[in-house]
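Below: the structure, in structure tokens.
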Amino acid sequence: MKVYFDNAATTPVIPEVVQAMLPVLQSQFGNPSSIHSFGRETRSAIETARKKVASILKAAPAEIFFTSGGTEADNMAIRCAVHDLGIRHIITSSLEHHAVLHTAEDIAQRGEVKLSLVKTDEKGHVDLDHLDQLLRDNERSLVSLMHANNEIATLLPLAKVSEICRRHNALFHSDTVQTIGHYPIDLSALDIDFITGAAHKFHGPKGIGFLYINGKVKIHPFITGGAQERNMRGGTENVYGIVGLAKALEIADEKMTSDIQQVSALKNYMIASLQNEIPGVKFNGDITAEGSLYTVLNVSFPPTEHAEMLLFNLDIAGIACSSGSACSSGSNVGSHVLKGIGADPDRPAIRFSFSRYNTRDEVDFCIERLKELFAVKV
Ligand SMILES: Cc1ncc(COP(=O)(O)O)c(C=O)c1O
């Protein structure tokens, strides 16, 4: 048996998405900027996709900008807010994805902004009183806080944070890369300036994402060049990626209610099985249904002599999971998120992340392998 429990790193592209992309790969090859019929055909595919994404998120099509993924969208939001909107202070947290954290640090190191890190607790929840205080003490700020943490699953109360930001006339960006396609997001009800998405986190292709920019916010182009993406991001569009993203989001939206039910139940089953079968396991981050992303479970195992071998041994047993953020795996650097919540460094931590394609049999299989590994003192 081969088990894929690394859906927070990326998800498999589903056949319906491949089917939607195929015509664009096979025959609809016109450059969308060309005015002839070949170009108009692909232009129309892009604009249909934009309308679909906008309608699912209850935004206007003109507020959706396609990018090469989550990282670029995060960069665009943060860097443009600083360069074009007079931001001199960024507030983020030490638990953010590096797409946000390294971007904010880079701008601060260049002396363009002051950087403040809002306090977070041992489960990764943001201290909203501290956020309020940081906003009170500083001039116009950009708050960049992720909706769901990609390593420990802890959720941010978006509406509450938005309300605090508005009270202080601050801009609000949320990295929603792990939650787009997994939770209903209604931008007509949520007052936010920027959110970001990446298709490969909801069964779409890699290398395509989007940035939502609230219509009230006006920024200059992030990538200069041609007039693509209404002059905001030059470069010939990734047409098949855009078509695939919209199809993947449409399917994710249709299946959302059943996915939430099914995947949450699977996560709870994994929690209960681990508690019953592996003495001494602990969970990192919030694991409650209301407080955590239902696709992600971060587990600290009892200290073992060969902790670094755990991920490797699971891989040998056919189980793919992650030791933290996939982006830092292989670089031999411990997780900044686990460090940030004060997780015990002597306990090996594994992130299991699920999709609708995972089953209880796979959880059982994983638990059996873990029991074997811990019985022989990994
Ligand atoms: C929370 C979060 N933000 C941003 C990214 C980066 O997205 P992409 O890989 O599409 O650049 C990821 C992907 O790991 C993520 O989990």
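Every chain in the structure tokens has a letter given in the order shown (A, B, ...), and although residue numbers restart at 1 in each chain, ligands are simply numbered from 1 in the order shown.
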
Given a cut-off of 7 Å, what residues near ligand 1 show up using only C-alpha atoms and all ligand atoms, put as a PDB file with N, CA, C and O atoms, in the first residue's frame?
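Everything below was put into part08.pdb:
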```pdb
ATOM      1  N   ALA A   8      -1.024  19.003   2.323  1.00  0.00           N
ATOM      2  CA  ALA A   8      -0.768  20.427   2.563  1.00  0.00           C
ATOM      3  C   ALA A   8       0.435  20.880   1.737  1.00  0.00           C
ATOM      4  O   ALA A   8       0.591  22.075   1.457  1.00  0.00           O
ATOM      5  N   ALA A   9       1.296  19.932   1.357  1.00  0.00           N
ATOM      6  CA  ALA A   9       2.420  20.267   0.464  1.00  0.00           C
ATOM      7  C   ALA A   9       1.892  20.463  -0.943  1.00  0.00           C
ATOM      8  O   ALA A   9       2.170  21.463  -1.599  1.00  0.00           O
ATOM      9  N   GLY A  69       1.515  31.539  -8.469  1.00  0.00           N
ATOM     10  CA  GLY A  69       1.262  30.707  -7.287  1.00  0.00           C
ATOM     11  C   GLY A  69       1.092  31.556  -6.050  1.00  0.00           C
ATOM     12  O   GLY A  69       0.980  32.796  -6.123  1.00  0.00           O
ATOM     13  N   GLY A  70       1.098  30.871  -4.909  1.00  0.00           N
ATOM     14  CA  GLY A  70       0.885  31.551  -3.635  1.00  0.00           C
ATOM     15  C   GLY A  70       2.023  32.492  -3.287  1.00  0.00           C
ATOM     16  O   GLY A  70       1.805  33.606  -2.795  1.00  0.00           O
ATOM     17  N   THR A  71       3.255  32.058  -3.545  1.00  0.00           N
ATOM     18  CA  THR A  71       4.416  32.869  -3.164  1.00  0.00           C
ATOM     19  C   THR A  71       4.405  34.208  -3.891  1.00  0.00           C
ATOM     20  O   THR A  71       4.603  35.269  -3.273  1.00  0.00           O
ATOM     21  N   GLU A  72       4.159  34.159  -5.192  1.00  0.00           N
ATOM     22  CA  GLU A  72       4.141  35.421  -5.952  1.00  0.00           C
ATOM     23  C   GLU A  72       2.988  36.315  -5.490  1.00  0.00           C
ATOM     24  O   GLU A  72       3.148  37.536  -5.359  1.00  0.00           O
ATOM     25  N   HIS A  97       4.034  31.466   6.811  1.00  0.00           N
ATOM     26  CA  HIS A  97       4.788  30.796   5.756  1.00  0.00           C
ATOM     27  C   HIS A  97       5.929  31.720   5.319  1.00  0.00           C
ATOM     28  O   HIS A  97       5.796  32.942   5.367  1.00  0.00           O
ATOM     29  N   ALA A  99       6.820  32.567   2.516  1.00  0.00           N
ATOM     30  CA  ALA A  99       6.424  33.476   1.427  1.00  0.00           C
ATOM     31  C   ALA A  99       6.062  34.848   1.995  1.00  0.00           C
ATOM     32  O   ALA A  99       6.281  35.882   1.349  1.00  0.00           O
ATOM     33  N   MET A 146      -1.846  34.696   8.285  1.00  0.00           N
ATOM     34  CA  MET A 146      -2.422  33.621   7.480  1.00  0.00           C
ATOM     35  C   MET A 146      -3.733  33.100   8.064  1.00  0.00           C
ATOM     36  O   MET A 146      -3.923  33.111   9.282  1.00  0.00           O
ATOM     37  N   ASN A 149      -2.653  27.932   9.452  1.00  0.00           N
ATOM     38  CA  ASN A 149      -1.225  27.629   9.420  1.00  0.00           C
ATOM     39  C   ASN A 149      -0.986  26.309   8.684  1.00  0.00           C
ATOM     40  O   ASN A 149      -1.638  25.303   8.977  1.00  0.00           O
ATOM     41  N   ASN A 150      -0.056  26.322   7.732  1.00  0.00           N
ATOM     42  CA  ASN A 150       0.169  25.146   6.899  1.00  0.00           C
ATOM     43  C   ASN A 150       0.873  24.010   7.641  1.00  0.00           C
ATOM     44  O   ASN A 150       0.845  22.882   7.205  1.00  0.00           O
ATOM     45  N   ASP A 175      -2.816  35.316   3.933  1.00  0.00           N
ATOM     46  CA  ASP A 175      -2.396  34.196   3.103  1.00  0.00           C
ATOM     47  C   ASP A 175      -3.434  33.086   3.332  1.00  0.00           C
ATOM     48  O   ASP A 175      -3.467  32.455   4.394  1.00  0.00           O
ATOM     49  N   THR A 176      -4.295  32.916   2.322  1.00  0.00           N
ATOM     50  CA  THR A 176      -5.370  31.921   2.434  1.00  0.00           C
ATOM     51  C   THR A 176      -5.065  30.692   1.574  1.00  0.00           C
ATOM     52  O   THR A 176      -5.968  29.966   1.167  1.00  0.00           O
ATOM     53  N   VAL A 177      -3.767  30.487   1.331  1.00  0.00           N
ATOM     54  CA  VAL A 177      -3.355  29.406   0.418  1.00  0.00           C
ATOM     55  C   VAL A 177      -3.856  28.033   0.898  1.00  0.00           C
ATOM     56  O   VAL A 177      -4.224  27.193   0.093  1.00  0.00           O
ATOM     57  N   GLN A 178      -3.891  27.822   2.213  1.00  0.00           N
ATOM     58  CA  GLN A 178      -4.334  26.507   2.708  1.00  0.00           C
ATOM     59  C   GLN A 178      -5.851  26.412   2.860  1.00  0.00           C
ATOM     60  O   GLN A 178      -6.364  25.318   3.119  1.00  0.00           O
ATOM     61  N   ALA A 198      -3.490  29.226  -4.280  1.00  0.00           N
ATOM     62  CA  ALA A 198      -2.628  28.432  -5.166  1.00  0.00           C
ATOM     63  C   ALA A 198      -3.389  27.172  -5.557  1.00  0.00           C
ATOM     64  O   ALA A 198      -3.835  26.413  -4.679  1.00  0.00           O
ATOM     65  N   HIS A 200      -2.587  24.306  -6.685  1.00  0.00           N
ATOM     66  CA  HIS A 200      -2.104  22.959  -6.362  1.00  0.00           C
ATOM     67  C   HIS A 200      -2.463  22.507  -4.946  1.00  0.00           C
ATOM     68  O   HIS A 200      -2.248  21.363  -4.580  1.00  0.00           O
ATOM     69  N   LYS A 206       0.144  22.932 -10.579  1.00  0.00           N
ATOM     70  CA  LYS A 206       1.153  23.753  -9.903  1.00  0.00           C
ATOM     71  C   LYS A 206       1.524  24.959 -10.775  1.00  0.00           C
ATOM     72  O   LYS A 206       1.296  24.953 -11.973  1.00  0.00           O
ATOM     73  N   GLY A 207       2.088  25.958 -10.132  1.00  0.00           N
ATOM     74  CA  GLY A 207       2.578  27.111 -10.901  1.00  0.00           C
ATOM     75  C   GLY A 207       1.492  28.084 -11.304  1.00  0.00           C
ATOM     76  O   GLY A 207       1.687  28.898 -12.199  1.00  0.00           O
ATOM     77  N   ILE A 208       0.344  28.016 -10.640  1.00  0.00           N
ATOM     78  CA  ILE A 208      -0.718  28.986 -10.921  1.00  0.00           C
ATOM     79  C   ILE A 208      -1.456  29.288  -9.616  1.00  0.00           C
ATOM     80  O   ILE A 208      -1.745  28.398  -8.828  1.00  0.00           O
ATOM     81  N   GLY A 209      -1.688  30.576  -9.420  1.00  0.00           N
ATOM     82  CA  GLY A 209      -2.400  31.002  -8.221  1.00  0.00           C
ATOM     83  C   GLY A 209      -3.077  32.324  -8.523  1.00  0.00           C
ATOM     84  O   GLY A 209      -3.174  32.728  -9.694  1.00  0.00           O
ATOM     85  N   SER A 325       6.894  22.219   7.219  1.00  0.00           N
ATOM     86  CA  SER A 325       6.580  22.814   5.936  1.00  0.00           C
ATOM     87  C   SER A 325       7.403  22.126   4.856  1.00  0.00           C
ATOM     88  O   SER A 325       8.616  21.975   4.999  1.00  0.00           O
ATOM     89  N   ALA A 326       6.765  21.689   3.782  1.00  0.00           N
ATOM     90  CA  ALA A 326       7.474  20.997   2.710  1.00  0.00           C
ATOM     91  C   ALA A 326       8.571  21.877   2.134  1.00  0.00           C
ATOM     92  O   ALA A 326       9.593  21.384   1.688  1.00  0.00           O
ATOM     93  N   CYS A 327       8.344  23.191   2.174  1.00  0.00           N
ATOM     94  CA  CYS A 327       9.288  24.114   1.557  1.00  0.00           C
ATOM     95  C   CYS A 327      10.641  24.083   2.254  1.00  0.00           C
ATOM     96  O   CYS A 327      11.632  24.449   1.667  1.00  0.00           O
TER      97      CYS A 327
END
```

Checklist line | Which of stretch 175-375 of chain A DSSP labels strand (DSSP E or B), written as an MDAnalysis selection string | finding: chainID A and resid 175 180 183 194:198 209:213 223 233 282:284 292 296:300 319:320 322 349:353

Next item on the list: Please provide the set of residues having any atom within 10 Å of A:Gly244, restricted to only C-alpha atoms, with same-chain residues fewer than 4 positions apart removed, written as number ranges by chain.
Entry: A: 13-14, 16-22, 24, 49, 199-200, 203-206, 208, 238-240, 248-250

Based on the selection just made, write N, CA, C and O atoms of those residues as an mmCIF file, in the first residue's frame.
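Ended up saving to result03.cif:
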```cif
data_model
loop_
_atom_site.group_PDB
_atom_site.id
_atom_site.type_symbol
_atom_site.label_atom_id
_atom_site.label_comp_id
_atom_site.auth_asym_id
_atom_site.auth_seq_id
_atom_site.Cartn_x
_atom_site.Cartn_y
_atom_site.Cartn_z
ATOM 1 N N VAL A 13 -3.641 16.287 -8.990
ATOM 2 C CA VAL A 13 -4.565 16.935 -9.933
ATOM 3 C C VAL A 13 -5.636 15.910 -10.305
ATOM 4 O O VAL A 13 -5.321 14.765 -10.632
ATOM 5 N N ILE A 14 -6.903 16.321 -10.236
ATOM 6 C CA ILE A 14 -7.981 15.362 -10.499
ATOM 7 C C ILE A 14 -8.316 15.317 -12.000
ATOM 8 O O ILE A 14 -8.085 16.291 -12.722
ATOM 9 N N GLU A 16 -10.969 15.561 -13.833
ATOM 10 C CA GLU A 16 -11.832 16.610 -14.417
ATOM 11 C C GLU A 16 -11.021 17.864 -14.734
ATOM 12 O O GLU A 16 -11.309 18.574 -15.701
ATOM 13 N N VAL A 17 -10.029 18.139 -13.910
ATOM 14 C CA VAL A 17 -9.183 19.327 -14.125
ATOM 15 C C VAL A 17 -8.289 19.098 -15.342
ATOM 16 O O VAL A 17 -8.148 19.975 -16.201
ATOM 17 N N VAL A 18 -7.731 17.889 -15.431
ATOM 18 C CA VAL A 18 -6.893 17.559 -16.597
ATOM 19 C C VAL A 18 -7.736 17.692 -17.869
ATOM 20 O O VAL A 18 -7.289 18.285 -18.865
ATOM 21 N N GLN A 19 -8.960 17.159 -17.830
ATOM 22 C CA GLN A 19 -9.856 17.232 -18.992
ATOM 23 C C GLN A 19 -10.105 18.685 -19.412
ATOM 24 O O GLN A 19 -10.138 19.003 -20.592
ATOM 25 N N ALA A 20 -10.308 19.543 -18.411
ATOM 26 C CA ALA A 20 -10.580 20.960 -18.716
ATOM 27 C C ALA A 20 -9.355 21.630 -19.324
ATOM 28 O O ALA A 20 -9.476 22.535 -20.159
ATOM 29 N N MET A 21 -8.171 21.193 -18.921
ATOM 30 C CA MET A 21 -6.936 21.818 -19.401
ATOM 31 C C MET A 21 -6.515 21.311 -20.786
ATOM 32 O O MET A 21 -5.841 22.040 -21.521
ATOM 33 N N LEU A 22 -6.906 20.075 -21.099
ATOM 34 C CA LEU A 22 -6.391 19.451 -22.328
ATOM 35 C C LEU A 22 -6.615 20.264 -23.608
ATOM 36 O O LEU A 22 -5.660 20.433 -24.386
ATOM 37 N N VAL A 24 -6.729 23.345 -24.096
ATOM 38 C CA VAL A 24 -5.837 24.503 -24.139
ATOM 39 C C VAL A 24 -4.397 24.053 -24.429
ATOM 40 O O VAL A 24 -3.618 24.773 -25.044
ATOM 41 N N ALA A 49 -12.597 31.922 -16.773
ATOM 42 C CA ALA A 49 -12.013 31.385 -15.530
ATOM 43 C C ALA A 49 -12.027 32.450 -14.435
ATOM 44 O O ALA A 49 -12.377 32.179 -13.281
ATOM 45 N N ALA A 199 -3.524 26.940 -6.866
ATOM 46 C CA ALA A 199 -4.365 25.840 -7.354
ATOM 47 C C ALA A 199 -3.903 24.471 -6.871
ATOM 48 O O ALA A 199 -4.722 23.573 -6.653
ATOM 49 N N HIS A 200 -2.587 24.306 -6.685
ATOM 50 C CA HIS A 200 -2.104 22.959 -6.362
ATOM 51 C C HIS A 200 -2.463 22.507 -4.946
ATOM 52 O O HIS A 200 -2.248 21.363 -4.580
ATOM 53 N N HIS A 203 -6.260 20.465 -5.650
ATOM 54 C CA HIS A 203 -6.363 19.506 -6.765
ATOM 55 C C HIS A 203 -6.307 20.159 -8.135
ATOM 56 O O HIS A 203 -6.838 19.626 -9.101
ATOM 57 N N GLY A 204 -5.651 21.309 -8.203
ATOM 58 C CA GLY A 204 -5.387 21.951 -9.489
ATOM 59 C C GLY A 204 -3.901 21.829 -9.816
ATOM 60 O O GLY A 204 -3.127 21.215 -9.064
ATOM 61 N N PRO A 205 -3.480 22.446 -10.922
ATOM 62 C CA PRO A 205 -2.074 22.347 -11.331
ATOM 63 C C PRO A 205 -1.141 23.250 -10.521
ATOM 64 O O PRO A 205 -1.585 24.213 -9.889
ATOM 65 N N LYS A 206 0.144 22.932 -10.579
ATOM 66 C CA LYS A 206 1.153 23.753 -9.903
ATOM 67 C C LYS A 206 1.524 24.959 -10.775
ATOM 68 O O LYS A 206 1.296 24.953 -11.973
ATOM 69 N N ILE A 208 0.344 28.016 -10.640
ATOM 70 C CA ILE A 208 -0.718 28.986 -10.921
ATOM 71 C C ILE A 208 -1.456 29.288 -9.616
ATOM 72 O O ILE A 208 -1.745 28.398 -8.828
ATOM 73 N N ASN A 238 -0.479 32.011 -18.235
ATOM 74 C CA ASN A 238 -0.445 30.544 -18.134
ATOM 75 C C ASN A 238 -1.884 30.066 -18.347
ATOM 76 O O ASN A 238 -2.614 29.798 -17.396
ATOM 77 N N VAL A 239 -2.284 29.999 -19.618
ATOM 78 C CA VAL A 239 -3.709 29.806 -19.911
ATOM 79 C C VAL A 239 -4.225 28.461 -19.376
ATOM 80 O O VAL A 239 -5.266 28.392 -18.728
ATOM 81 N N TYR A 240 -3.465 27.370 -19.633
ATOM 82 C CA TYR A 240 -3.966 26.057 -19.157
ATOM 83 C C TYR A 240 -3.992 26.014 -17.631
ATOM 84 O O TYR A 240 -4.866 25.395 -17.030
ATOM 85 N N ALA A 248 -10.647 23.455 -10.871
ATOM 86 C CA ALA A 248 -10.371 22.838 -9.568
ATOM 87 C C ALA A 248 -11.140 23.550 -8.462
ATOM 88 O O ALA A 248 -11.690 22.915 -7.551
ATOM 89 N N LEU A 249 -11.212 24.882 -8.547
ATOM 90 C CA LEU A 249 -11.935 25.637 -7.514
ATOM 91 C C LEU A 249 -13.441 25.357 -7.595
ATOM 92 O O LEU A 249 -14.119 25.227 -6.570
ATOM 93 N N GLU A 250 -13.937 25.234 -8.819
ATOM 94 C CA GLU A 250 -15.364 24.938 -9.006
ATOM 95 C C GLU A 250 -15.705 23.582 -8.352
ATOM 96 O O GLU A 250 -16.681 23.467 -7.600
#
```

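The nearest approach to A:Thr120 among the residues A:Gln261, A:Thr103, A:Thr304, A:Ser94, with only C-alpha atoms taken into account, belongs to A:Ser94.
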
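For the residues A:Arg79, A:Arg233, A:His182, A:Arg369, ranking by smallest atom-to-atom distance to A:Glu254 using only C-alpha atoms places A:His182 first.
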
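Shortest atom-to-atom contact with A:Val82 among A:Lys119, A:His125, A:His130, A:Arg140: A:Arg140, counting only C-alpha atoms.
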
Next item on the list: Would you please extract all helix (DSSP H, G or I) residues from stretch 189-368 of chain A, as assigned by DSSP on the backbone, and give them as JSON, numbers by chain?
Entry: {"A": [199, 200, 201, 228, 229, 230, 231, 239, 240, 241, 242, 243, 244, 245, 246, 247, 248, 249, 250, 251, 252, 253, 254, 255, 256, 257, 258, 259, 260, 261, 262, 263, 264, 265, 266, 267, 268, 269, 270, 271, 272, 273, 274, 275, 276, 277, 307, 308, 309, 310, 311, 312, 313, 314, 315, 316, 326, 327, 328, 336, 337, 338, 339, 340, 360, 361, 362, 363, 364, 365, 366, 367, 368]}

Margin query: Please report the interatomic distance between atom CA of A:Ala104 and atom CA of A:Ile90 in Å with one decimal.
Written below: 7.0 Å

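Using only C-alpha atoms, the nearest neighbour of A:Val296 within the list A:Ile350, A:Ala45, A:Lys371, A:Met256 is A:Ile350.
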
Where does stretch 90-144 of chain A meet stretch 277-288 of chain A within 8 Å, residue by residue, with the nearest atom pair and distance in Å to one decimal for each, counting only C-alpha atoms, listed by chain and rising number, as CSV?
```
residue,atom,partner,partner_atom,distance
A:Glu122,CA,A:Gly285,CA,7.2
A:Lys123,CA,A:Gly285,CA,4.1
A:Gly124,CA,A:Gly285,CA,5.8
```

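For A:Ile260, the residues within 10 Å (counting only C-alpha atoms, excluding itself and residues fewer than 3 positions away along the chain) are His182, Tyr183, Lys255, Met256, Thr257, Val263, Ser264, Ala265, Leu266, Leu293, Tyr294, Thr295, Ser355 and Arg356 of chain A.
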
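The residue that comes closest to A:Leu190, out of A:Lys58, A:Arg360, A:His98, A:His83 and on the basis of only C-alpha atoms, is A:Lys58.
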
Checklist line | Neighbour list for A:Met270 as an MDAnalysis selection string, cut-off 10 Å, only C-alpha atoms, skip fewer than 2 positions in-chain | finding: chainID A and resid 264:268 272:276 297 352 360 362:364 366:367

Could you save the residues just selected, with N, CA and C atoms, as a CSV table (one decimal), in the first residue's frame?
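Saved to part-v1.csv:
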```
chain,number,residue,atom,x,y,z
A,264,SER,N,-12.8,15.9,8.0
A,264,SER,CA,-12.7,16.1,9.4
A,264,SER,C,-12.9,14.8,10.2
A,265,ALA,N,-13.8,13.9,9.7
A,265,ALA,CA,-14.0,12.7,10.4
A,265,ALA,C,-12.7,11.8,10.3
A,266,LEU,N,-12.0,11.9,9.2
A,266,LEU,CA,-10.8,11.1,9.0
A,266,LEU,C,-9.7,11.6,10.0
A,267,LYS,N,-9.6,13.0,10.1
A,267,LYS,CA,-8.6,13.5,11.0
A,267,LYS,C,-8.9,13.1,12.4
A,268,ASN,N,-10.2,13.2,12.8
A,268,ASN,CA,-10.6,12.8,14.2
A,268,ASN,C,-10.3,11.3,14.4
A,272,ALA,N,-7.8,9.9,17.3
A,272,ALA,CA,-8.2,8.9,18.3
A,272,ALA,C,-7.3,7.7,18.2
A,273,SER,N,-7.0,7.3,17.0
A,273,SER,CA,-6.2,6.1,16.8
A,273,SER,C,-4.8,6.3,17.4
A,274,LEU,N,-4.2,7.5,17.1
A,274,LEU,CA,-2.9,7.8,17.7
A,274,LEU,C,-2.9,7.7,19.2
A,275,GLN,N,-4.0,8.4,19.8
A,275,GLN,CA,-4.1,8.4,21.2
A,275,GLN,C,-4.2,7.0,21.8
A,276,ASN,N,-4.9,6.2,21.1
A,276,ASN,CA,-5.2,4.8,21.6
A,276,ASN,C,-4.0,3.9,21.4
A,297,LEU,N,-2.9,17.7,10.4
A,297,LEU,CA,-2.7,17.2,11.8
A,297,LEU,C,-1.2,17.1,12.1
A,352,PHE,N,0.7,15.2,9.2
A,352,PHE,CA,-0.1,14.4,8.3
A,352,PHE,C,-1.1,15.3,7.7
A,360,ARG,N,-10.0,5.5,5.8
A,360,ARG,CA,-9.7,5.0,7.1
A,360,ARG,C,-8.7,3.8,7.0
A,362,GLU,N,-6.2,3.6,5.2
A,362,GLU,CA,-4.9,4.2,5.1
A,362,GLU,C,-4.4,4.7,6.5
A,363,VAL,N,-5.3,5.2,7.2
A,363,VAL,CA,-5.0,5.6,8.6
A,363,VAL,C,-4.6,4.4,9.4
A,364,ASP,N,-5.4,3.3,9.3
A,364,ASP,CA,-5.1,2.0,10.0
A,364,ASP,C,-3.7,1.5,9.6
A,366,CYS,N,-1.2,3.2,8.5
A,366,CYS,CA,-0.2,4.2,9.0
A,366,CYS,C,0.0,3.9,10.5
A,367,ILE,N,-1.1,3.7,11.2
A,367,ILE,CA,-1.0,3.4,12.7
A,367,ILE,C,-0.2,2.1,12.9
```

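The space between atom CA of A:Ile213 and atom CA of A:Arg166 spans 15.9 Å.
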